[in-house]
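S.K.: The structure is given below, and queries will be raised subsequently.
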There are 2 protein chains.
Amino acid sequence: VFLSLQLNRNDQATLQAQMFSQLRALILSGCVRPGAVLPATRVLARQHGISRNTATQVYDRLVSEGYVETVRGSGTRVSLSLPETRLRAPSIEMGPKTFGHQNELAGAAPKTALVFRGTQPQLPETGLSRVRIDFWPGRPNRHLFPVRIWRKLLTEHLTNAGTSLSEYGDPAGTPSLREAIADHLRFARGMNVVSDQVIVTGGSQEGLNIISRLFIQPGTPVVVENPCYQGAALTFASYGASLEPLGLDKDGILVDHLRGRRAALAYVTPSHQFPTGATLPLDRRLHLLNWARQVGAYIVEDDYNSDYRYSGPPLVALAGLEPAGESVIYLGTLSKSLGAGLRTGFLVVPTTLIGPARAVKALLNFGHPWLEQMTAASFISSGAYQRHLRKILRVCCETRDCLLYNLTHTFGANLSLSGVDGGMHVMWRLPSDFPSADQFAAATRGHGALIHTTASSGAVDFDSEIGDRGIILGYAALTETEIRAGVTAMARALDDLTAGSNGPNRVMDPSENGGLALLANP
Amino acid sequence: VFLSLQLNRNDQATLQAQMFSQLRALILSGCVRPGAVLPATRVLARQHGISRNTATQVYDRLVSEGYVETVRGSGTRVSLSLPETRLRAPSIEMGPKTFGHQNELAGAAPKTALVFRGTQPQLPETGLSRVRIDFWPGRPNRHLFPVRIWRKLLTEHLTNAGTSLSEYGDPAGTPSLREAIADHLRFARGMNVVSDQVIVTGGSQEGLNIISRLFIQPGTPVVVENPCYQGAALTFASYGASLEPLGLDKDGILVDHLRGRRAALAYVTPSHQFPTGATLPLDRRLHLLNWARQVGAYIVEDDYNSDYRYSGPPLVALAGLEPAGESVIYLGTLSKSLGAGLRTGFLVVPTTLIGPARAVKALLNFGHPWLEQMTAASFISSGAYQRHLRKILRVCCETRDCLLYNLTHTFGANLSLSGVDGGMHVMWRLPSDFPSADQFAAATRGHGALIHTTASSGAVDFDSEIGDRGIILGYAALTETEIRAGVTAMARALDDLTAGSNGPNRVMDPSENGGLALLANP
């Protein structure tokens, strides 16, 4: 056998390493078959202009890894125990970029088919290509992240970690974080909750998966809002749920439409409906709870934006209205108050579900990273979280006021906003003589700002009227300058779209004076 | 209506807060029905000995939250829009500990049934009740955690986080960590991998879930080892897989038994079989890959312990033996080299699966916490990880030597160990005239040390012979003193179990001199 090796003395890899990997490739590809006798080290060295010592070392390593064997009297041969069928290997060791060679060899079968049927949720644009002014709704103000105290707490816990970093912890979360969350929810959301009911999750998204694994199999009916937060709708659908969209009006879901309907789960966002921003009034909350009791359904309450409430009554969570705590599964998150990069959320389950939910979470990933949990626990229980919430509420309210002022000033009577009382975004329901939401968003992009339709903001629309008319404007992460520039871009876009047509009245110039128009749902 | 309120002036809550919550409870429980007129504030104040101002504030808040309404001429009444059916509420506001009152009211239906069928994996004992000397296998040495450099990297990244903490990142992982992992695997495991194939996960456990969601539906055949790591077996089973256990000998799985068998997936631990410690030889690796190609199966290679290799050839991963990278899904983890508290692992998938695996991961939790990822990325790419691996390898090898010395010294010819070449644990296959593994472990616990059967170490045994005979001894987290004390406890336990019987030869006293016995699978 003459071994066709290509040794490159300018390569980073040593000659020995090059020779080893190329010989290995020849054997694995079947070019040199089991039983084939390899040249003696003396011959190999001469053929390739290397030292005999190098050749010996290469053979030694091939022997030790089982590719070749030394046979008394016949020198070195390719191991007989290796399978005859060659692996598909022509591209071996050709560098990391060669993949997917489709040179089918005899006997290869088609690969196991995917059973997963799901759609990846759409995330906002990031990175360099991102438009600078982006009204995407799910972003808090990054300048408010409490870097200093977070660093102090991280460092303290890391230094005193003991066995906590090297070992597994409670899959449902560290006791201190679960306590801190339960305390916070009792105080801030009126919920009658103990820490055992709290399960720390990788964002509320992971909570949706835990709920899905508990209750959803193909065909399970799940009531959702229309439009619905995509993270929920796509997750339920990926487990095979049959989604049953429920209509909305300016106050949120139409609970009357639940009459006579049965479902396993109903997913709702009562604090600030995503994406319309509606706050579900008390009577509808109670009707919803009664419906759940009557049909045995669980209500999944996603309270993603409840930390931001500027005016109106401090409505307690659904989970706080149901004292026996049997029907509501509550989803909370730190993604809006601190940041999505933490990936920390929590699930609060009825006592009857504690065991199964813990089991699902343990099977899923044995729990959330310890250091993130401990830092969050100290942050909440020290009172720093309450102070932080007051601060972001104040700043975000100012930002909202700036947006409302500029919008009203610019679009005047054409403005019909919902969701202004709380949250991090508002929805503008465009008048019927306006261009569609898609057209408006595309044209605004042309002027350097991203505004969103329900679809691009992260909602799934089941053929509702809102999909065509709703413009979502997230403001929490923007500066006042950006907001002014963004609204100007919207005005110019609308000018472009309506120029020369009999469309909507031309908008006012932002520099003109204009009074605050009436808001549809103040 | 006379409102039966119980106000306590010594309570932490203000009189106003007490009054509000009790009135709210009376309304929600239906004790005061919709339409019922409440006493005038003047009357209420007199009845309960409070100021009129307090009573007015309570009513104002009830109005603002929608519980009551003011009607001209008739004062204040309970809102008519509230549902008539009362919520089950007798325990409302009675403190956080009152749950699960089962006073069924008319119309309540049984709750949605669980569809989840799964078993929570068993985790090691932690906390105060834990036995001090515990040979549980999955624990690295906590004193080797690189606290100082980890703190430095954490602090740097936190300080320079920019938008990364407040926003969502790539659900598959930060580019820097995926690059660092791909580089490491190319170097350390001989894998031909690019960073796009790497998906950062919450431990390898989360990787198992991603694989399950991709491929498993009820009845899907999955080949597993017998015994098999419980985290894998229980996860596959929870998605409905039909598990097909494959027998083992001292070299690992019996690949001949795959002939004629079809399966969607085969889960293996070739570097250091869990729990027997066997290292799968090259010929069986190649046979396994050929089988996978022939039947179209994916091989799930769990490389949990490959960083620990003390002697023998540095076998490349299965994923490195298959150059076109089409059949092997690779699971890696930082849980053994750094610590399980980080909850950081990774999945390496064939290029054809990158899209679906990313989608599953995005739906699952939108990715791993950013700061943990960046710290790990810098730790690996700076070279600190390689230095760390060399250090833990040296220390762990010394610890292993100490264990082997003490075991051989004490149990002599009765010792038959596997898995000594690498990993963080060995398995002792007890001689047939010894007590069972269960009996031995229970008796040793009586002497203050925890040794493990395959089941208590975290394996699922499908009626293999090993379940009854295998003792798992994890040593990485123990000091030499603890190891000596643990082996002494084992010796005493065996003495207890065999005293007066015709059982195995009495063991040697640890203080006697004794040579190193032959190890079964050195």
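The chains in the structure tokens are called A, B, ... from first to last as shown; in each chain the residues are counted from 1, and the ligands are counted from 1 in the order shown.
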Skip stretch 270-275 of chain A itself and residues of its chain fewer than 5 positions away, then list as a PyMOL selection string all residues within 7 Å of it, counting only C-alpha atoms.

M.R.: chain A and resi 228-229+252+280+303+305-306+419+422-423+454+459

S.K.: What would the file look like if the residues just selected were written as a PDB file, in the first residue's frame with all heavy atoms?

M.R.:
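What landed in result.pdb:
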```pdb
ATOM      1  N   CYS A 228     -53.369  37.136  19.820  1.00  0.00           N
ATOM      2  CA  CYS A 228     -52.780  36.505  21.001  1.00  0.00           C
ATOM      3  C   CYS A 228     -51.265  36.651  20.953  1.00  0.00           C
ATOM      4  O   CYS A 228     -50.652  36.599  19.881  1.00  0.00           O
ATOM      5  CB  CYS A 228     -53.138  35.021  20.997  1.00  0.00           C
ATOM      6  SG  CYS A 228     -52.385  34.062  22.330  1.00  0.00           S
ATOM      7  N   TYR A 229     -50.651  36.795  22.117  1.00  0.00           N
ATOM      8  CA  TYR A 229     -49.194  36.793  22.202  1.00  0.00           C
ATOM      9  C   TYR A 229     -48.650  35.538  21.513  1.00  0.00           C
ATOM     10  O   TYR A 229     -49.054  34.425  21.828  1.00  0.00           O
ATOM     11  CB  TYR A 229     -48.768  36.833  23.670  1.00  0.00           C
ATOM     12  CG  TYR A 229     -47.302  36.575  23.898  1.00  0.00           C
ATOM     13  CD1 TYR A 229     -46.346  37.361  23.259  1.00  0.00           C
ATOM     14  CD2 TYR A 229     -46.869  35.547  24.719  1.00  0.00           C
ATOM     15  CE1 TYR A 229     -44.992  37.126  23.448  1.00  0.00           C
ATOM     16  CE2 TYR A 229     -45.525  35.309  24.916  1.00  0.00           C
ATOM     17  CZ  TYR A 229     -44.591  36.099  24.272  1.00  0.00           C
ATOM     18  OH  TYR A 229     -43.254  35.857  24.449  1.00  0.00           O
ATOM     19  N   GLY A 252     -60.974  44.174  26.495  1.00  0.00           N
ATOM     20  CA  GLY A 252     -60.339  42.857  26.549  1.00  0.00           C
ATOM     21  C   GLY A 252     -61.281  41.766  26.071  1.00  0.00           C
ATOM     22  O   GLY A 252     -62.227  42.035  25.310  1.00  0.00           O
ATOM     23  N   LEU A 280     -58.591  44.155  31.581  1.00  0.00           N
ATOM     24  CA  LEU A 280     -59.850  43.444  31.770  1.00  0.00           C
ATOM     25  C   LEU A 280     -60.520  43.924  33.059  1.00  0.00           C
ATOM     26  O   LEU A 280     -59.921  43.856  34.128  1.00  0.00           O
ATOM     27  CB  LEU A 280     -59.573  41.946  31.832  1.00  0.00           C
ATOM     28  CG  LEU A 280     -60.742  41.004  31.553  1.00  0.00           C
ATOM     29  CD1 LEU A 280     -61.183  41.119  30.095  1.00  0.00           C
ATOM     30  CD2 LEU A 280     -60.363  39.568  31.876  1.00  0.00           C
ATOM     31  N   ASP A 303     -49.032  37.692  33.285  1.00  0.00           N
ATOM     32  CA  ASP A 303     -49.056  39.026  33.907  1.00  0.00           C
ATOM     33  C   ASP A 303     -47.803  39.799  33.519  1.00  0.00           C
ATOM     34  O   ASP A 303     -47.217  40.500  34.333  1.00  0.00           O
ATOM     35  CB  ASP A 303     -49.136  38.836  35.422  1.00  0.00           C
ATOM     36  CG  ASP A 303     -49.885  39.969  36.116  1.00  0.00           C
ATOM     37  OD1 ASP A 303     -50.702  40.623  35.463  1.00  0.00           O
ATOM     38  OD2 ASP A 303     -49.634  40.174  37.313  1.00  0.00           O
ATOM     39  N   ASN A 305     -46.905  42.452  32.078  1.00  0.00           N
ATOM     40  CA  ASN A 305     -46.671  43.897  32.098  1.00  0.00           C
ATOM     41  C   ASN A 305     -47.262  44.584  33.313  1.00  0.00           C
ATOM     42  O   ASN A 305     -47.391  45.794  33.343  1.00  0.00           O
ATOM     43  CB  ASN A 305     -47.279  44.512  30.827  1.00  0.00           C
ATOM     44  CG  ASN A 305     -46.226  45.128  29.939  1.00  0.00           C
ATOM     45  OD1 ASN A 305     -45.083  45.271  30.353  1.00  0.00           O
ATOM     46  ND2 ASN A 305     -46.587  45.502  28.746  1.00  0.00           N
ATOM     47  N   SER A 306     -47.600  43.798  34.344  1.00  0.00           N
ATOM     48  CA  SER A 306     -48.361  44.398  35.435  1.00  0.00           C
ATOM     49  C   SER A 306     -47.540  45.358  36.275  1.00  0.00           C
ATOM     50  O   SER A 306     -48.081  46.155  37.020  1.00  0.00           O
ATOM     51  CB  SER A 306     -48.930  43.302  36.327  1.00  0.00           C
ATOM     52  OG  SER A 306     -47.883  42.614  36.961  1.00  0.00           O
ATOM     53  N   GLY A 419     -54.547  50.972  25.671  1.00  0.00           N
ATOM     54  CA  GLY A 419     -53.410  50.510  26.472  1.00  0.00           C
ATOM     55  C   GLY A 419     -52.572  51.612  27.072  1.00  0.00           C
ATOM     56  O   GLY A 419     -51.429  51.365  27.449  1.00  0.00           O
ATOM     57  N   GLY A 422     -51.175  51.646  31.209  1.00  0.00           N
ATOM     58  CA  GLY A 422     -50.105  50.840  31.787  1.00  0.00           C
ATOM     59  C   GLY A 422     -49.284  50.213  30.682  1.00  0.00           C
ATOM     60  O   GLY A 422     -49.511  50.458  29.490  1.00  0.00           O
ATOM     61  N   GLY A 423     -48.315  49.403  31.089  1.00  0.00           N
ATOM     62  CA  GLY A 423     -47.544  48.652  30.111  1.00  0.00           C
ATOM     63  C   GLY A 423     -46.433  49.464  29.479  1.00  0.00           C
ATOM     64  O   GLY A 423     -46.087  50.569  29.920  1.00  0.00           O
ATOM     65  N   THR A 454     -49.567  44.116  14.437  1.00  0.00           N
ATOM     66  CA  THR A 454     -49.697  43.103  15.488  1.00  0.00           C
ATOM     67  C   THR A 454     -48.773  41.931  15.186  1.00  0.00           C
ATOM     68  O   THR A 454     -48.130  41.393  16.088  1.00  0.00           O
ATOM     69  CB  THR A 454     -51.149  42.606  15.611  1.00  0.00           C
ATOM     70  OG1 THR A 454     -51.586  42.155  14.338  1.00  0.00           O
ATOM     71  CG2 THR A 454     -52.062  43.710  16.099  1.00  0.00           C
ATOM     72  N   ALA A 459     -47.453  39.168  17.863  1.00  0.00           N
ATOM     73  CA  ALA A 459     -48.763  38.585  18.141  1.00  0.00           C
ATOM     74  C   ALA A 459     -49.177  37.685  16.977  1.00  0.00           C
ATOM     75  O   ALA A 459     -48.702  37.853  15.861  1.00  0.00           O
ATOM     76  CB  ALA A 459     -49.808  39.673  18.352  1.00  0.00           C
TER      77      ALA A 459
END
```

S.K.: List every residue of stretch 150-262 of chain A that DSSP, applied to the backbone, labels as helix (DSSP H, G or I), and write the result as a ChimeraX atom specification.

M.R.: /A:150-159,175-189,195-197,203-215,230-238,255-258

S.K.: For the selection you just gave me, I'd like the residues written to a file as an mmCIF file, in the first residue's frame, keeping C-alpha atoms.

M.R.:
```
data_model
loop_
_atom_site.group_PDB
_atom_site.id
_atom_site.type_symbol
_atom_site.label_atom_id
_atom_site.label_comp_id
_atom_site.auth_asym_id
_atom_site.auth_seq_id
_atom_site.Cartn_x
_atom_site.Cartn_y
_atom_site.Cartn_z
ATOM 1 C CA TRP A 150 -26.596 43.579 40.572
ATOM 2 C CA ARG A 151 -22.798 43.368 40.399
ATOM 3 C CA LYS A 152 -22.494 43.625 44.164
ATOM 4 C CA LEU A 153 -25.022 40.840 44.735
ATOM 5 C CA LEU A 154 -23.546 38.603 42.030
ATOM 6 C CA THR A 155 -20.098 38.954 43.516
ATOM 7 C CA GLU A 156 -21.282 38.266 47.050
ATOM 8 C CA HIS A 157 -23.120 35.116 46.074
ATOM 9 C CA LEU A 158 -20.330 33.859 43.852
ATOM 10 C CA THR A 159 -17.819 34.329 46.640
ATOM 11 C CA PRO A 175 -35.848 28.533 48.358
ATOM 12 C CA SER A 176 -34.780 32.156 48.796
ATOM 13 C CA LEU A 177 -35.948 33.204 45.340
ATOM 14 C CA ARG A 178 -39.222 31.357 45.638
ATOM 15 C CA GLU A 179 -39.846 33.041 48.998
ATOM 16 C CA ALA A 180 -38.948 36.452 47.624
ATOM 17 C CA ILE A 181 -41.293 36.015 44.660
ATOM 18 C CA ALA A 182 -44.153 34.772 46.841
ATOM 19 C CA ASP A 183 -43.720 37.752 49.185
ATOM 20 C CA HIS A 184 -43.669 40.140 46.250
ATOM 21 C CA LEU A 185 -46.806 38.648 44.702
ATOM 22 C CA ARG A 186 -48.723 38.755 47.973
ATOM 23 C CA PHE A 187 -47.869 42.411 48.332
ATOM 24 C CA ALA A 188 -47.945 43.653 44.748
ATOM 25 C CA ARG A 189 -50.567 41.439 43.134
ATOM 26 C CA SER A 195 -43.374 29.733 48.043
ATOM 27 C CA ASP A 196 -44.027 26.044 47.322
ATOM 28 C CA GLN A 197 -46.363 27.137 44.548
ATOM 29 C CA GLY A 203 -38.615 33.289 31.283
ATOM 30 C CA SER A 204 -42.375 32.962 31.174
ATOM 31 C CA GLN A 205 -41.813 31.172 27.859
ATOM 32 C CA GLU A 206 -40.536 28.134 29.749
ATOM 33 C CA GLY A 207 -43.591 28.329 32.004
ATOM 34 C CA LEU A 208 -45.770 28.020 28.894
ATOM 35 C CA ASN A 209 -43.925 24.814 28.015
ATOM 36 C CA ILE A 210 -44.397 23.385 31.486
ATOM 37 C CA ILE A 211 -48.119 24.097 31.260
ATOM 38 C CA SER A 212 -48.253 22.590 27.769
ATOM 39 C CA ARG A 213 -46.525 19.419 28.866
ATOM 40 C CA LEU A 214 -48.921 19.093 31.785
ATOM 41 C CA PHE A 215 -52.135 19.495 29.834
ATOM 42 C CA GLN A 230 -47.266 34.608 19.747
ATOM 43 C CA GLY A 231 -45.035 32.976 22.378
ATOM 44 C CA ALA A 232 -48.162 31.433 23.892
ATOM 45 C CA ALA A 233 -50.096 30.611 20.737
ATOM 46 C CA LEU A 234 -47.117 29.041 18.951
ATOM 47 C CA THR A 235 -46.092 27.050 22.001
ATOM 48 C CA PHE A 236 -49.551 25.596 22.581
ATOM 49 C CA ALA A 237 -49.839 24.831 18.862
ATOM 50 C CA SER A 238 -46.460 23.103 18.806
ATOM 51 C CA VAL A 255 -66.319 36.667 28.243
ATOM 52 C CA ASP A 256 -69.876 36.177 26.973
ATOM 53 C CA HIS A 257 -68.424 34.204 24.093
ATOM 54 C CA LEU A 258 -67.244 31.599 26.593
#
```

S.K.: Excluding A:Ala493 and any residue of its chain fewer than 2 positions from it, enumerate the residues within 6 Å of it, using only C-alpha atoms, and give them as a PyMOL selection string.

M.R.: chain A and resi 443-444+490-491+495-496

S.K.: Just the residues within 12 Å of B:Gly355, please, counting only C-alpha atoms, with nothing from its chain fewer than 4 positions along; format it as a compact mmCIF listing (two decimals) with C-alpha atoms, in the first residue's frame.

M.R.:
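Generated output (around.txt):
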```
# COMPACT_ATOMS: atom_id res chain seq x y z
CA LEU A 114 -39.08 14.96 12.53
CA PHE A 116 -41.90 18.31 15.76
CA GLY A 118 -43.95 24.08 15.32
CA THR A 119 -43.08 27.59 14.34
CA GLN A 120 -40.27 29.57 15.85
CA PRO B 171 -32.13 31.63 21.29
CA ALA B 172 -29.44 29.18 20.18
CA ASP B 196 -23.91 27.11 13.82
CA GLN B 197 -24.32 23.50 14.86
CA VAL B 198 -23.89 24.35 18.54
CA ILE B 199 -26.97 25.14 20.60
CA LEU B 214 -37.80 16.76 17.53
CA VAL B 349 -26.58 18.81 15.78
CA PRO B 350 -26.08 17.74 12.18
CA THR B 351 -26.46 20.69 9.82
CA ALA B 359 -36.97 26.52 16.74
CA VAL B 360 -37.52 24.07 19.58
CA LYS B 361 -35.03 25.92 21.78
CA ALA B 362 -36.63 29.28 20.97
```

S.K.: With distances taken over only C-alpha atoms, which of A:Gly345, A:Gly383, A:Gly30, A:Pro323 is nearest to chain B?

M.R.: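 Result for the nearest residue to chain B: A:Pro323.
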
S.K.: With only C-alpha atoms as the basis for distance, which of B:Gly458, B:Gly35, B:Gly202, B:Gly470 is at the shortest distance from B:Ala437?

M.R.: B:Gly470

S.K.: May I have a table of the residues of chain A lying at most 6 Å from chain B, giving each one's closest pair of atoms and their distance in Å to one decimal, counting only C-alpha atoms, ordered by chain and ascending residue number, as a Markdown table?

M.R.:
```
| residue | atom | partner | partner_atom | distance |
| --- | --- | --- | --- | --- |
| A:Ser64 | CA | B:Pro313 | CA | 5.3 |
| A:Glu65 | CA | B:Pro313 | CA | 5.2 |
| A:Gly66 | CA | B:Leu282 | CA | 5.8 |
| A:Ser81 | CA | B:Asp283 | CA | 5.7 |
| A:Leu82 | CA | B:Asp283 | CA | 4.7 |
| A:Ala89 | CA | B:Pro323 | CA | 5.4 |
| A:Ile92 | CA | B:Pro323 | CA | 5.0 |
| A:Pro96 | CA | B:Asn192 | CA | 5.5 |
| A:Phe99 | CA | B:Ala324 | CA | 5.9 |
| A:Gly107 | CA | B:Gln294 | CA | 5.2 |
| A:Ala108 | CA | B:Gln294 | CA | 4.6 |
| A:Ala109 | CA | B:Gly296 | CA | 4.6 |
| A:Pro110 | CA | B:Gly296 | CA | 5.1 |
| A:Lys111 | CA | B:Gly296 | CA | 4.0 |
| A:Thr112 | CA | B:Ala264 | CA | 5.4 |
| A:Leu114 | CA | B:Phe215 | CA | 5.1 |
| A:Val115 | CA | B:Phe215 | CA | 5.1 |
| A:Phe116 | CA | B:Leu214 | CA | 4.7 |
| A:Gln120 | CA | B:Ala359 | CA | 4.6 |
| A:Arg142 | CA | B:Ser166 | CA | 5.4 |
| A:Thr163 | CA | B:Arg142 | CA | 6.0 |
| A:Ser164 | CA | B:Gly341 | CA | 5.9 |
| A:Leu165 | CA | B:Gly341 | CA | 4.0 |
| A:Ser166 | CA | B:Gly339 | CA | 3.6 |
| A:Glu167 | CA | B:Ala340 | CA | 4.9 |
| A:Tyr168 | CA | B:Ala340 | CA | 5.3 |
| A:Asn192 | CA | B:Pro96 | CA | 5.3 |
| A:Val193 | CA | B:Pro96 | CA | 5.8 |
| A:Gly202 | CA | B:Asn365 | CA | 5.5 |
| A:Gln205 | CA | B:Asn365 | CA | 5.0 |
| A:Glu206 | CA | B:Asn365 | CA | 4.6 |
| A:Arg213 | CA | B:Phe116 | CA | 5.8 |
| A:Leu214 | CA | B:Phe116 | CA | 4.7 |
| A:Phe215 | CA | B:Val115 | CA | 5.1 |
| A:Ala264 | CA | B:Thr112 | CA | 5.4 |
| A:Leu282 | CA | B:Gly66 | CA | 5.8 |
| A:Asp283 | CA | B:Leu82 | CA | 4.7 |
| A:Arg293 | CA | B:Ala108 | CA | 5.0 |
| A:Gln294 | CA | B:Ala108 | CA | 4.6 |
| A:Val295 | CA | B:Ala109 | CA | 5.4 |
| A:Gly296 | CA | B:Lys111 | CA | 4.0 |
| A:Ala297 | CA | B:Thr112 | CA | 5.6 |
| A:Pro313 | CA | B:Glu65 | CA | 5.1 |
| A:Pro323 | CA | B:Ile92 | CA | 5.0 |
| A:Ala324 | CA | B:Phe99 | CA | 5.7 |
| A:Gly339 | CA | B:Ser166 | CA | 3.6 |
| A:Ala340 | CA | B:Glu167 | CA | 4.9 |
| A:Gly341 | CA | B:Leu165 | CA | 4.0 |
| A:Leu342 | CA | B:Pro369 | CA | 5.0 |
| A:Arg343 | CA | B:Pro369 | CA | 5.1 |
| A:Ala359 | CA | B:Gln120 | CA | 4.6 |
| A:Leu364 | CA | B:Glu206 | CA | 5.4 |
| A:Asn365 | CA | B:Glu206 | CA | 4.7 |
| A:Pro369 | CA | B:Leu342 | CA | 5.0 |
| A:Trp370 | CA | B:Gly341 | CA | 5.3 |
```

S.K.: So that I can see what lies close to B:Cys397, please list as a ChimeraX atom specification the residues with an atom at most 12 Å from it, counting only C-alpha atoms and leaving out residues fewer than 5 positions away in the same chain.

M.R.: /B:141,307-311,389-392,402-404,420-425,475-477,480

S.K.: One number please: atom CA of B:Arg42 to atom CA of B:Ile27, in Å, one decimal.

M.R.: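 These atoms are spaced 20.3 Å apart.
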
S.K.: Expressed in Å to a single decimal, how great is the separation between atom CA of A:Val78 and atom CA of A:Val37?

M.R.: 6.5 Å

S.K.: Separation of atom CA of A:Leu347 and atom CA of A:Leu331, in Å?

M.R.: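 Spanning atom CA of A:Leu347 to atom CA of A:Leu331 is a straight-line distance of 4.8 Å.
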
S.K.: Compile the contact shell of B:Ala441 as a PyMOL selection string: residues with an atom at most 8 Å away, counting only C-alpha atoms, same-chain residues fewer than 2 positions apart removed.

M.R.: chain B and resi 437-439+443-445+450-453+471

S.K.: Would you please give, as a list in words, all residues of stretch 35-242 of chain B that DSSP assigns to strand (DSSP E or B) based on the backbone?

M.R.: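 For stretch 35-242 of chain B, the strand (DSSP E or B) set is Val37, Val68, Glu69, Thr70, Val71, Gly75, Thr76, Arg77, Val78, Ile133, Asp134, Val198, Ile199, Val200, Thr201, Pro221, Val222, Val223, Val224, Glu225, Cys228, Tyr229 and Ser242 of chain B.
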
S.K.: Find the residues around B:Glu225 up to 8 Å (only C-alpha atoms counted), leave out those fewer than 6 positions away in its own chain, and share them as a PyMOL selection string.

M.R.: chain B and resi 245-248+253+267-268
